[in-house]
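So the structure is just underneath, and the comments pick up after that.
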Amino acid sequence: MLQSSLDISKFMQKDESISIIEQYLEQVEIVRNLETGIQVIYADPQVEDPASASAEKQAQLTIEEQKLLDLAALSEPILQNQVNDIIREMGLSLGGQSAPPIAYRVSELPLNLVTSSRTEIKRIVDISLNPGLAVEEMDSLETAIYEQLDLSALVVPVGGIGAYPTMVMQTTDLRWLVEVIAHEWIHNYLTFQPLGFNYETSPDMTTINETVASIAGEEISLEVLRNYYPELVPPETAPVTSAPQAETAQDPPAFDFRAEMRITRVKVDELLAEGKVSEAEQYMEERRQFFRQNGYLIRKLNQAYFVFYGSYNDQPGGGASGNDPVGPLVQELRKTTNNLAEFVTLIARVNSYPELVNLVQSRR
């Protein structure tokens with residue numbers, strides 16, 4: 001490809017590079033709108049010949065997809081260079097270059113089939129599936145595993161895969177895109193460190209790895225936005241300077257998804273510990289409906305859901321991780337370090353959860 005042999009993005013002015021990224025994101029939106037329009041035509045029972053009815057949109061889609069490919073060939077090295085510059089400024093590079101070099105491609109990603117024991121939230125095996133499965137196919141597969149293997153199963157999308165180059169899902173959300181690029185790069189960076197090498201040796205090590213990558217990905221992403229796309233930087237939450245006023249009937253508290261999910265996980269753990277598997281599964285379904293009533297459309301809430309989403313424990317409150325102590329320890333370690341580079345360098349040497357405990361305790 002052109003950017004592999006000659007990275008012309010290095011010779012662009014900053015404003016020109018930023019403009020290309022903005023054009024790329026706009027082009028993604030154009031392509032998505034056309035794809036949606038075609039899907040609507042094919043889903044309309046009133047349309048007798050959807051191929052003919054959608055012909056004009058199909059032709060336009062071909063043109064717009066080529067424009068997107070051309071812009072992607074420029075935008076990918078631009079974002080790689082921008083992320084690399086921030087990593088260098090943060091002190092995470094080697095001789096001014098990220099190691100391994102940052103490389104990503106926007107790709108259609110496989111789905112992830114996660115399985116868990118029903119009697120406890122415990123990962124059994126993850127299997128990559130071909131992309132594009134219909135919801136009915138996902139549900140059928142999950143049900144078959146439940147009935148035939150007595151396992152909890154869930155098919156989930158993934159935002160990125162730490163292959164090399166990293167595979168990243170297409171999106172119009174630049175903050176999320178950069179965060180995933182950085183998140184997966186951290187995984188690649190840790191591959192030859194004790195922490196990354198032990199990724200699959202235990203659930204605790206998986207959670208440590210994912211939490212570190214999530215923390216680093218978010219911090220790197222925010223710095224990229226501050227330096228190149230300041231208008232996209234989210235506003236900081238103002239600190240509480242006084243006691244909160246009592247809620248009134250006219251001002252109900254906002255729904256706190258993370259807090260409610262933590263309540264759910266803790267209760268499920270308690271029920272499973274008591275051997276009440278059926279009660280736990282009934283409770284999860286009731287809570288799924290509760291989340292749906294509050295605007296969160298969770299397709300299936302089960303043990304496998306908590307196995308997957310509980311590994312990402314980078315925010316206070318636990319969420320799907322419940323009372324799992326691993327994430328809070330990683331968060332605490334980050335607070336004791338002066339910068340992201342110091343944090344990543346320290347935790348990269350961790351071989352086990354007890355080592356993390358000792359490391360955090362030594363810095364208190």
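In the structure tokens, the first chain shown is A, the next is B, and so on; residue numbers restart at 1 for each chain, and ligands run from 1 in the order shown.
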
For this session: For Ile21 in chain A, please output as a PyMOL selection string all residues within 10 Å (counting only C-alpha atoms; exclusion window: fewer than 5 positions along the same chain).
Result: chain A and resi 16+26-27+71-72+74-76+78-79+174

For this session: Excluding Arg334 in chain A and residues on its chain fewer than 5 positions from it, collect all residues at most 9 Å away from it, counting only C-alpha atoms, and give them as JSON, numbers by chain.
Result: {"A": [215, 329, 339, 340, 342, 343, 344]}

Exercise. By how many Å are CA of Asn130 in chain A and CA of Val158 in chain A apart?
Worked result: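 Between CA of Asn130 in chain A and CA of Val158 in chain A the gap works out to 12.1 Å.
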
Problem set entry | Contact residues around Gln60 in chain A with only C-alpha atoms at 12 Å, ignoring same-chain residues under 6 positions, as a list in words |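 Neighbouring residues, sequence-local ones excluded: Ile30, Val31, Arg32, Asn33, Leu34, Glu35, Gly37, Ile38, Ser54, Gln66 and Lys67 of chain A.
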
Those residues with C-alpha atoms, as a PDB file, in the first residue's frame please?
ATOM      1  CA  ILE A  30     -21.975   9.000   4.196  1.00  0.00           C
ATOM      2  CA  VAL A  31     -21.250   5.313   3.540  1.00  0.00           C
ATOM      3  CA  ARG A  32     -23.161   4.213   6.632  1.00  0.00           C
ATOM      4  CA  ASN A  33     -26.214   6.256   5.649  1.00  0.00           C
ATOM      5  CA  LEU A  34     -26.244   4.692   2.193  1.00  0.00           C
ATOM      6  CA  GLU A  35     -25.897   1.198   3.653  1.00  0.00           C
ATOM      7  CA  GLY A  37     -30.923   3.205   3.188  1.00  0.00           C
ATOM      8  CA  ILE A  38     -30.323   0.023   1.187  1.00  0.00           C
ATOM      9  CA  SER A  54     -31.954   0.263  -4.480  1.00  0.00           C
ATOM     10  CA  GLN A  66     -13.900   4.005  -3.006  1.00  0.00           C
ATOM     11  CA  LYS A  67     -13.640   7.568  -1.675  1.00  0.00           C
TER      12      LYS A  67
END

Problem set entry | Members of range 28-264 of chain A assigned alpha helix (DSSP H) by DSSP, as JSON, numbers by chain | {"A": [28, 29, 30, 31, 32, 33, 34, 35, 36, 37, 38, 39, 40, 41, 42, 43, 50, 51, 52, 53, 55, 56, 57, 58, 59, 60, 61, 62, 63, 64, 65, 66, 67, 68, 69, 70, 71, 72, 73, 74, 75, 76, 77, 78, 79, 80, 81, 82, 83, 84, 85, 86, 87, 88, 89, 135, 136, 137, 138, 139, 140, 141, 142, 143, 144, 145, 146, 147, 148, 149, 174, 175, 176, 177, 178, 179, 180, 181, 182, 183, 184, 185, 186, 187, 188, 189, 190, 194, 195, 196, 197, 203, 204, 205, 206, 207, 208, 209, 210, 211, 212, 213, 214, 215, 216, 217, 218, 219, 220, 221, 222, 223, 224, 225, 226, 227, 228, 257, 258, 259, 260, 261, 262, 263, 264]}

Problem set entry | 12 Å contact set for Glu29 in chain A, only C-alpha atoms, chain neighbours under 5 positions out, as a list in words | Glu22, Gln23, Tyr24, Leu34, Glu35, Thr36, Leu61, Glu64, Glu65, Leu68, Gln170, Thr171, Thr172 and Asp173 of chain A

For this session: Work out how far CA of Val106 in chain A is from CA of Met167 in chain A, in Å to one decimal.
Result: 5.9 Å

For this session: For Thr166 in chain A, list every protein, DNA or RNA residue within 9 Å, evaluated using only C-alpha atoms, and leave out those in the same chain fewer than 3 positions away; present the list as a PyMOL selection string.
Result: chain A and resi 102-106+160-163+181+184-185+188

Could you give me, as CSV, a per-residue list for range 99-136 of chain A showing, wherever an atom lies at most 10 Å from an atom of range 264-270 of chain A, the closest pair of atoms and their distance in Å to one decimal, using only C-alpha atoms and sorting by chain then residue number from low to high?
residue,atom,partner,partner_atom,distance
A:Thr119,CA,A:Asp269,CA,9.5
A:Glu120,CA,A:Asp269,CA,7.3
A:Ile121,CA,A:Asp269,CA,7.6

Problem set entry | Close residues, Val178 in chain A itself excluded, 8 Å, only C-alpha atoms, min 2 positions apart in chain, as a count of residues only | 11

Exercise. Which parts of range 150-283 of chain A does DSSP call strand (DSSP E or B) when run on the backbone here, written out as a PyMOL selection string?
Worked result: chain A and resi 151-156+160-161+166-168+248+251

Once you have the residues from the selection above, write them out as an mmCIF file, in the first residue's frame, restricted to N, CA and C atoms.
data_model
loop_
_atom_site.group_PDB
_atom_site.id
_atom_site.type_symbol
_atom_site.label_atom_id
_atom_site.label_comp_id
_atom_site.auth_asym_id
_atom_site.auth_seq_id
_atom_site.Cartn_x
_atom_site.Cartn_y
_atom_site.Cartn_z
ATOM 1 N N LEU A 151 -23.585 -24.523 29.731
ATOM 2 C CA LEU A 151 -22.718 -23.371 29.918
ATOM 3 C C LEU A 151 -23.477 -22.095 29.569
ATOM 4 N N SER A 152 -23.093 -21.019 30.205
ATOM 5 C CA SER A 152 -23.606 -19.701 29.840
ATOM 6 C C SER A 152 -22.783 -19.203 28.660
ATOM 7 N N ALA A 153 -23.441 -18.637 27.661
ATOM 8 C CA ALA A 153 -22.739 -18.187 26.458
ATOM 9 C C ALA A 153 -23.275 -16.847 26.000
ATOM 10 N N LEU A 154 -22.390 -16.070 25.368
ATOM 11 C CA LEU A 154 -22.793 -14.767 24.846
ATOM 12 C C LEU A 154 -21.900 -14.410 23.671
ATOM 13 N N VAL A 155 -22.507 -14.002 22.575
ATOM 14 C CA VAL A 155 -21.768 -13.502 21.421
ATOM 15 C C VAL A 155 -21.693 -11.986 21.548
ATOM 16 N N VAL A 156 -20.471 -11.458 21.564
ATOM 17 C CA VAL A 156 -20.284 -10.022 21.770
ATOM 18 C C VAL A 156 -19.429 -9.438 20.646
ATOM 19 N N GLY A 160 -11.699 -3.825 18.975
ATOM 20 C CA GLY A 160 -10.370 -3.939 18.394
ATOM 21 C C GLY A 160 -9.747 -5.272 18.751
ATOM 22 N N ILE A 161 -8.781 -5.665 17.954
ATOM 23 C CA ILE A 161 -8.049 -6.908 18.203
ATOM 24 C C ILE A 161 -6.559 -6.588 18.130
ATOM 25 N N THR A 166 -2.947 -3.837 14.303
ATOM 26 C CA THR A 166 -4.170 -3.913 15.090
ATOM 27 C C THR A 166 -5.389 -3.770 14.182
ATOM 28 N N MET A 167 -6.405 -4.564 14.472
ATOM 29 C CA MET A 167 -7.674 -4.458 13.751
ATOM 30 C C MET A 167 -8.633 -3.627 14.591
ATOM 31 N N VAL A 168 -9.227 -2.603 13.982
ATOM 32 C CA VAL A 168 -10.106 -1.680 14.695
ATOM 33 C C VAL A 168 -11.421 -1.551 13.944
ATOM 34 N N THR A 248 -35.537 16.311 44.971
ATOM 35 C CA THR A 248 -36.957 16.628 45.073
ATOM 36 C C THR A 248 -37.735 15.743 44.111
ATOM 37 N N ASP A 251 -37.043 16.583 40.659
ATOM 38 C CA ASP A 251 -35.668 16.423 40.196
ATOM 39 C C ASP A 251 -35.138 15.064 40.623
#

For this session: Skip Asn323 in chain A itself and residues of its chain fewer than 4 positions away, then list as a ChimeraX atom specification all residues within 10 Å of it, counting only C-alpha atoms.
Result: /A:262-263,265-266,269,317-319,327-328

Problem set entry | A:Asn294, A:Gln82, A:Asn302, A:Gln97 ranked by distance to Val114 in chain A, top pick (using only C-alpha atoms) |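 Ranked by minimum distance to Val114 in chain A, first place goes to A:Asn302.
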
Exercise. Smallest atom-to-atom distance to Thr345 in chain A: which of A:Asp85, A:Leu133, A:Ser19, A:Ser93, using only C-alpha atoms?
Worked result: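 That would be A:Ser93, the residue with the smallest distance to Thr345 in chain A.
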